[in-house]
Amino acid sequence: MIPDAEKLFSASTEWKSIRVNTLKIGRDELLERLSEKFEVREMPWYENGFFIKGDITKSLEYYLGYYHVQEAGSMLPPLVMLPDKNDCIIDICAAPGSKTTQMAMMMENEGIIFANDVNSKRLRALAHNIQKCGVVNCIILNHDGRFLWKKGIKGDKILLDAPCTASGKIIKNKNMTWSYGRVIRMSKLQKRLIESASKCLIDGGTLVYSTCSLEPEENEEVIDYAIKNLNMEVEKIELVGIKTRRGIKRWGDKEYEGAEKAIRIWPQDNLTEGFFICKLRKY
């Protein structure tokens, strides 16, 4: 897939990443407070993101919900979506709520977010984070995302941060197990989820699809399926301050439509987890 695979497997970082919760505190005030306790670096691609070293889950600011511990790559899908105060958003696989609370923050607690997850245990973490961050514009749902469309809910924008094999986390876990059989099973699930998402989306609406996996079967292949079967078209993504690479157009004997407009965040490029992000519009 890439010419610098050795750098991928050797990439590592000691930095953790957090997101300012502007629903509770201003960015500059939090930066000043944290700089007295930790080594902090500002994130080049997101003004409300910081890289930080130290025990970040035992500070007063953490317990007060002034910041949320969130992987840097995980902050990108909401930035691609750009939620608006007037939006009705569906977050189909929302738990534990990092992107849900980020979108609510970007919406300044206005509009509506339907935060759904199939796993009732993970919903506890979702509810906890929503409450801790001071979010009030969310409705929590507990449904299988594959059949959410049957509930009749419609969204202007949909986030599908799909369940995946999470191979992009290799920068933090060199001992992770990998199975091609699991990749194929996830790909099938992801196609069912994006089909359901398309049915929940209004005509002309935006769907952001993302995973923290590196496999084309879980990424470009799912987008190719959406283009060919679900009346979806891909829109080009441009992010500033972060190195991105375009999606993989060809893999094995397959050629994927729309890949050139999707983006990949490779761990070795920015010392973050790997991410795939694609923005689609329904016509």
# chains A, B, ... in the order shown; residues from 1 in each chain; ligands from 1
$ residues_around --residues "range 77-94 of chain A" --least-positions-apart "4" --cutoff "6 Å" --atoms "only C-alpha atoms" --output "list in words"
Met107, Glu110, Gly111, Ile112, Ile113, Phe114, Ala115, Asn116, Asp117, Gly145, Gly155, Asp156, Lys157, Ile158, Leu159 and Leu160 of chain A
$ select_by_dssp --residues "range 101-261 of chain A" --states "alpha helix (DSSP H)" --output "PyMOL selection string"
chain A and resi 101-106+120-132+180-200+220-229
$ write_last_selection --atoms "N, CA and C atoms" --output "compact mmCIF listing (two decimals), in the first residue's frame"
# COMPACT_ATOMS: atom_id res chain seq x y z
N THR A 101 -19.37 14.41 21.63
CA THR A 101 -19.20 15.60 22.46
C THR A 101 -18.44 16.69 21.71
N GLN A 102 -17.56 16.31 20.82
CA GLN A 102 -16.86 17.30 20.00
C GLN A 102 -17.84 18.02 19.08
N MET A 103 -18.74 17.26 18.44
CA MET A 103 -19.73 17.88 17.56
C MET A 103 -20.67 18.78 18.34
N ALA A 104 -21.08 18.34 19.52
CA ALA A 104 -21.96 19.17 20.36
C ALA A 104 -21.26 20.47 20.72
N MET A 105 -19.97 20.38 21.02
CA MET A 105 -19.18 21.57 21.33
C MET A 105 -19.12 22.52 20.13
N MET A 106 -18.91 21.96 18.94
CA MET A 106 -18.84 22.77 17.73
C MET A 106 -20.19 23.42 17.42
N SER A 120 -25.11 -1.76 24.94
CA SER A 120 -25.70 -1.09 26.10
C SER A 120 -24.65 -0.77 27.16
N LYS A 121 -23.60 -1.60 27.28
CA LYS A 121 -22.55 -1.32 28.25
C LYS A 121 -21.75 -0.09 27.85
N ARG A 122 -21.47 0.05 26.55
CA ARG A 122 -20.73 1.21 26.07
C ARG A 122 -21.56 2.49 26.18
N LEU A 123 -22.88 2.34 26.21
CA LEU A 123 -23.75 3.50 26.37
C LEU A 123 -23.53 4.19 27.71
N ARG A 124 -23.09 3.43 28.71
CA ARG A 124 -22.82 4.04 30.01
C ARG A 124 -21.68 5.04 29.89
N ALA A 125 -20.64 4.66 29.13
CA ALA A 125 -19.52 5.58 28.91
C ALA A 125 -19.97 6.79 28.09
N LEU A 126 -20.84 6.55 27.11
CA LEU A 126 -21.37 7.64 26.29
C LEU A 126 -22.14 8.63 27.16
N ALA A 127 -23.05 8.11 27.98
CA ALA A 127 -23.86 8.98 28.84
C ALA A 127 -22.98 9.74 29.83
N HIS A 128 -21.98 9.05 30.36
CA HIS A 128 -21.05 9.68 31.32
C HIS A 128 -20.32 10.84 30.66
N ASN A 129 -19.79 10.62 29.47
CA ASN A 129 -19.02 11.67 28.80
C ASN A 129 -19.91 12.84 28.37
N ILE A 130 -21.13 12.55 27.93
CA ILE A 130 -22.06 13.61 27.57
C ILE A 130 -22.36 14.49 28.78
N GLN A 131 -22.59 13.85 29.92
CA GLN A 131 -22.89 14.61 31.14
C GLN A 131 -21.66 15.38 31.61
N LYS A 132 -20.51 14.72 31.60
CA LYS A 132 -19.28 15.35 32.09
C LYS A 132 -18.90 16.57 31.27
N TYR A 180 -7.13 -11.69 8.93
CA TYR A 180 -7.78 -11.28 7.69
C TYR A 180 -9.26 -11.66 7.70
N GLY A 181 -9.58 -12.76 8.37
CA GLY A 181 -10.98 -13.15 8.49
C GLY A 181 -11.80 -12.08 9.19
N ARG A 182 -11.22 -11.46 10.21
CA ARG A 182 -11.92 -10.40 10.93
C ARG A 182 -12.06 -9.17 10.05
N VAL A 183 -11.07 -8.88 9.23
CA VAL A 183 -11.17 -7.76 8.29
C VAL A 183 -12.38 -7.95 7.38
N ILE A 184 -12.56 -9.14 6.84
CA ILE A 184 -13.67 -9.43 5.93
C ILE A 184 -15.01 -9.32 6.66
N ARG A 185 -15.06 -9.82 7.90
CA ARG A 185 -16.31 -9.73 8.67
C ARG A 185 -16.66 -8.27 8.95
N MET A 186 -15.66 -7.48 9.29
CA MET A 186 -15.90 -6.06 9.54
C MET A 186 -16.35 -5.34 8.28
N SER A 187 -15.76 -5.69 7.16
CA SER A 187 -16.14 -5.06 5.89
C SER A 187 -17.61 -5.30 5.58
N LYS A 188 -18.08 -6.50 5.82
CA LYS A 188 -19.49 -6.81 5.59
C LYS A 188 -20.39 -6.00 6.52
N LEU A 189 -19.99 -5.90 7.79
CA LEU A 189 -20.76 -5.11 8.76
C LEU A 189 -20.77 -3.63 8.36
N GLN A 190 -19.64 -3.11 7.95
CA GLN A 190 -19.53 -1.70 7.58
C GLN A 190 -20.41 -1.36 6.39
N LYS A 191 -20.52 -2.28 5.44
CA LYS A 191 -21.40 -2.05 4.28
C LYS A 191 -22.86 -2.03 4.71
N ARG A 192 -23.23 -2.88 5.65
CA ARG A 192 -24.60 -2.86 6.16
C ARG A 192 -24.88 -1.54 6.90
N LEU A 193 -23.89 -1.07 7.64
CA LEU A 193 -24.07 0.17 8.40
C LEU A 193 -24.17 1.38 7.48
N ILE A 194 -23.33 1.42 6.44
CA ILE A 194 -23.39 2.59 5.56
C ILE A 194 -24.67 2.58 4.72
N GLU A 195 -25.19 1.39 4.45
CA GLU A 195 -26.48 1.30 3.75
C GLU A 195 -27.60 1.85 4.64
N SER A 196 -27.57 1.49 5.92
CA SER A 196 -28.55 2.01 6.86
C SER A 196 -28.41 3.53 7.00
N ALA A 197 -27.16 4.00 7.07
CA ALA A 197 -26.89 5.43 7.21
C ALA A 197 -27.45 6.21 6.03
N SER A 198 -27.31 5.65 4.82
CA SER A 198 -27.80 6.34 3.63
C SER A 198 -29.32 6.48 3.67
N LYS A 199 -30.01 5.51 4.26
CA LYS A 199 -31.46 5.56 4.36
C LYS A 199 -31.92 6.56 5.42
N CYS A 200 -31.03 6.85 6.39
CA CYS A 200 -31.36 7.82 7.43
C CYS A 200 -31.03 9.25 7.01
N GLU A 220 -11.79 1.95 1.48
CA GLU A 220 -12.10 2.27 0.09
C GLU A 220 -13.15 1.33 -0.49
N GLU A 221 -13.13 0.07 -0.09
CA GLU A 221 -14.11 -0.88 -0.62
C GLU A 221 -15.53 -0.54 -0.15
N VAL A 222 -15.65 -0.04 1.06
CA VAL A 222 -16.96 0.36 1.59
C VAL A 222 -17.47 1.60 0.85
N ILE A 223 -16.57 2.53 0.56
CA ILE A 223 -16.94 3.74 -0.18
C ILE A 223 -17.35 3.38 -1.61
N ASP A 224 -16.61 2.48 -2.23
CA ASP A 224 -16.93 2.01 -3.57
C ASP A 224 -18.33 1.40 -3.59
N TYR A 225 -18.66 0.64 -2.55
CA TYR A 225 -19.99 0.03 -2.42
C TYR A 225 -21.07 1.11 -2.33
N ALA A 226 -20.81 2.15 -1.54
CA ALA A 226 -21.79 3.22 -1.36
C ALA A 226 -22.03 3.98 -2.67
N ILE A 227 -20.97 4.22 -3.40
CA ILE A 227 -21.10 4.95 -4.67
C ILE A 227 -21.92 4.15 -5.68
N LYS A 228 -21.67 2.86 -5.75
CA LYS A 228 -22.29 2.02 -6.77
C LYS A 228 -23.69 1.55 -6.41
N ASN A 229 -24.05 1.61 -5.12
CA ASN A 229 -25.33 1.04 -4.71
C ASN A 229 -26.27 1.97 -3.95
$ select_by_dssp --residues "range 6-204 of chain A" --states "strand (DSSP E)" --output "count of residues only"
41
$ closest_residue --among "A:Arg33, A:Arg146, A:Arg19, A:Lys24" --to "Glu47 in chain A" --atoms "only C-alpha atoms"
A:Arg19
$ atom_distance --atom1 "CA of Arg281 in chain A" --atom2 "CA of Gly205 in chain A"
5.7 Å
$ atom_distance --atom1 "CA of Val240 in chain A" --atom2 "CA of Trp45 in chain A"
5.9 Å
$ atom_distance --atom1 "CA of Ala259 in chain A" --atom2 "CA of Tyr283 in chain A"
18.6 Å
$ residues_around --residues "range 161-174 of chain A" --least-positions-apart "2" --cutoff "8 Å" --atoms "only C-alpha atoms" --output "CSV table (one decimal) with C-alpha atoms, in the first residue's frame"
chain,number,residue,atom,x,y,z
A,8,LEU,CA,4.8,2.6,9.8
A,9,PHE,CA,5.8,-0.3,11.9
A,10,SER,CA,8.5,1.5,13.8
A,11,ALA,CA,6.6,4.7,14.5
A,12,SER,CA,5.9,5.5,18.2
A,13,THR,CA,5.1,8.5,20.4
A,91,ASP,CA,-24.0,9.6,15.2
A,92,ILE,CA,-24.7,5.9,14.4
A,93,CYS,CA,-21.9,4.3,16.4
A,94,ALA,CA,-21.4,7.0,19.0
A,159,LEU,CA,-21.3,10.4,11.2
A,176,MET,CA,-2.0,-6.2,18.5
A,178,TRP,CA,-4.5,-9.3,13.3
A,182,ARG,CA,-11.9,-10.4,10.9
A,183,VAL,CA,-11.2,-7.8,8.3
A,186,MET,CA,-15.9,-6.1,9.5
A,190,GLN,CA,-19.5,-1.7,7.6
A,193,LEU,CA,-24.1,0.2,8.4
A,208,VAL,CA,-18.8,11.3,7.0
A,209,TYR,CA,-17.4,7.7,7.1
A,210,SER,CA,-14.3,7.0,9.1
A,211,THR,CA,-12.4,4.1,10.7
A,212,CYS,CA,-9.1,3.7,12.5
A,213,SER,CA,-8.2,0.8,10.3
A,214,LEU,CA,-5.6,0.7,7.5
A,215,GLU,CA,-7.2,-2.1,5.4
A,218,GLU,CA,-12.7,-1.7,5.5
A,266,TRP,CA,-0.9,7.3,8.4
A,267,PRO,CA,0.7,6.9,11.9
A,271,LEU,CA,2.7,10.4,15.0
A,272,THR,CA,-1.0,9.8,15.5
A,273,GLU,CA,-3.2,6.7,15.1
A,274,GLY,CA,-4.0,5.8,11.5
A,275,PHE,CA,-7.4,7.0,10.2
$ closest_residue --among "A:Asp269, A:Glu238, A:Glu29, A:Glu39" --to "Glu61 in chain A" --atoms "only C-alpha atoms"
A:Glu29
$ closest_residue --among "A:Asn231, A:Gly241, A:Thr22, A:Ser59" --to "Gly134 in chain A" --atoms "only C-alpha atoms"
A:Thr22
$ residues_around --residues "Leu34 in chain A" --least-positions-apart "2" --cutoff "12 Å" --atoms "only C-alpha atoms" --output "compact mmCIF listing (two decimals) with C-alpha atoms, in the first residue's frame"
# COMPACT_ATOMS: atom_id res chain seq x y z
CA ILE A 18 -6.62 15.99 24.50
CA VAL A 20 -10.42 21.45 24.99
CA ARG A 27 -8.91 27.44 25.11
CA ASP A 28 -6.29 29.93 26.29
CA GLU A 29 -7.30 29.64 29.93
CA LEU A 30 -6.99 25.85 29.85
CA LEU A 31 -3.64 26.03 28.04
CA GLU A 32 -2.32 28.34 30.75
CA GLU A 36 1.81 24.84 34.82
CA LYS A 37 1.50 21.06 35.34
CA PHE A 38 2.40 19.35 32.06
CA GLU A 39 4.50 19.64 28.95
CA VAL A 40 2.00 20.81 26.32
CA ARG A 41 2.21 21.28 22.54
CA GLU A 42 -0.47 22.88 20.44
CA PHE A 50 -3.23 19.70 22.44
CA PHE A 51 -0.48 17.11 22.70
CA ILE A 52 0.49 16.54 26.30
CA LYS A 53 2.78 14.45 28.50
CA GLY A 54 1.94 13.31 32.01
CA ASP A 55 -0.80 11.63 34.01
CA ILE A 56 -3.63 13.52 32.34
CA SER A 59 -5.96 16.52 37.17
CA LEU A 60 -8.71 18.75 38.53
CA GLU A 61 -9.36 20.04 35.00
CA TYR A 62 -9.97 16.49 33.79
CA TYR A 66 -12.54 21.02 30.97
CA TYR A 67 -10.88 18.68 28.49
$ decode --residues "range 75-137 of chain A" --atoms "C-alpha atoms" --output "short mmCIF file (atom, residue, chain, number, x, y, z; two decimals), in the first residue's frame"
data_model
loop_
_atom_site.label_atom_id
_atom_site.label_comp_id
_atom_site.auth_asym_id
_atom_site.auth_seq_id
_atom_site.Cartn_x
_atom_site.Cartn_y
_atom_site.Cartn_z
CA MET A 75 -10.79 14.74 16.15
CA LEU A 76 -10.68 14.93 12.35
CA PRO A 77 -14.05 13.43 11.25
CA PRO A 78 -16.07 16.20 12.98
CA LEU A 79 -13.74 18.78 11.40
CA VAL A 80 -14.54 17.26 8.01
CA MET A 81 -18.27 17.27 8.77
CA LEU A 82 -18.38 20.85 10.18
CA PRO A 83 -21.61 20.50 12.19
CA ASP A 84 -23.80 23.58 12.36
CA LYS A 85 -26.09 24.92 15.10
CA ASN A 86 -29.12 24.22 12.92
CA ASP A 87 -28.20 20.62 12.07
CA CYS A 88 -29.92 17.41 13.01
CA ILE A 89 -27.04 14.94 13.23
CA ILE A 90 -27.09 11.17 13.65
CA ASP A 91 -23.99 9.57 15.18
CA ILE A 92 -24.68 5.94 14.37
CA CYS A 93 -21.88 4.32 16.39
CA ALA A 94 -21.43 7.00 19.04
CA ALA A 95 -20.00 5.31 22.15
CA PRO A 96 -17.92 6.23 24.06
CA GLY A 97 -18.74 9.72 22.82
CA SER A 98 -15.50 11.52 21.89
CA LYS A 99 -16.78 12.68 18.51
CA THR A 100 -20.33 13.14 19.80
CA THR A 101 -19.20 15.60 22.46
CA GLN A 102 -16.86 17.30 20.00
CA MET A 103 -19.73 17.88 17.56
CA ALA A 104 -21.96 19.17 20.36
CA MET A 105 -19.18 21.57 21.33
CA MET A 106 -18.84 22.77 17.73
CA MET A 107 -22.63 23.29 17.64
CA GLU A 108 -22.45 25.25 20.92
CA ASN A 109 -25.04 22.89 22.40
CA GLU A 110 -27.66 23.83 19.80
CA GLY A 111 -29.30 21.70 17.13
CA ILE A 112 -29.86 17.99 17.79
CA ILE A 113 -27.56 14.97 17.89
CA PHE A 114 -29.01 11.47 17.95
CA ALA A 115 -26.19 9.52 19.62
CA ASN A 116 -26.77 5.83 18.95
CA ASP A 117 -24.91 2.68 19.87
CA VAL A 118 -25.82 -0.99 19.83
CA ASN A 119 -23.77 -1.88 22.93
CA SER A 120 -25.70 -1.09 26.10
CA LYS A 121 -22.55 -1.32 28.25
CA ARG A 122 -20.73 1.21 26.07
CA LEU A 123 -23.75 3.50 26.37
CA ARG A 124 -22.82 4.04 30.01
CA ALA A 125 -19.52 5.58 28.91
CA LEU A 126 -21.37 7.64 26.29
CA ALA A 127 -23.86 8.98 28.84
CA HIS A 128 -21.05 9.68 31.32
CA ASN A 129 -19.02 11.67 28.80
CA ILE A 130 -22.06 13.61 27.57
CA GLN A 131 -22.89 14.61 31.14
CA LYS A 132 -19.28 15.35 32.09
CA CYS A 133 -18.78 17.61 29.06
CA GLY A 134 -21.96 19.58 29.79
CA VAL A 135 -23.67 18.52 26.57
CA VAL A 136 -27.43 19.11 26.44
CA ASN A 137 -28.35 18.71 22.76
#
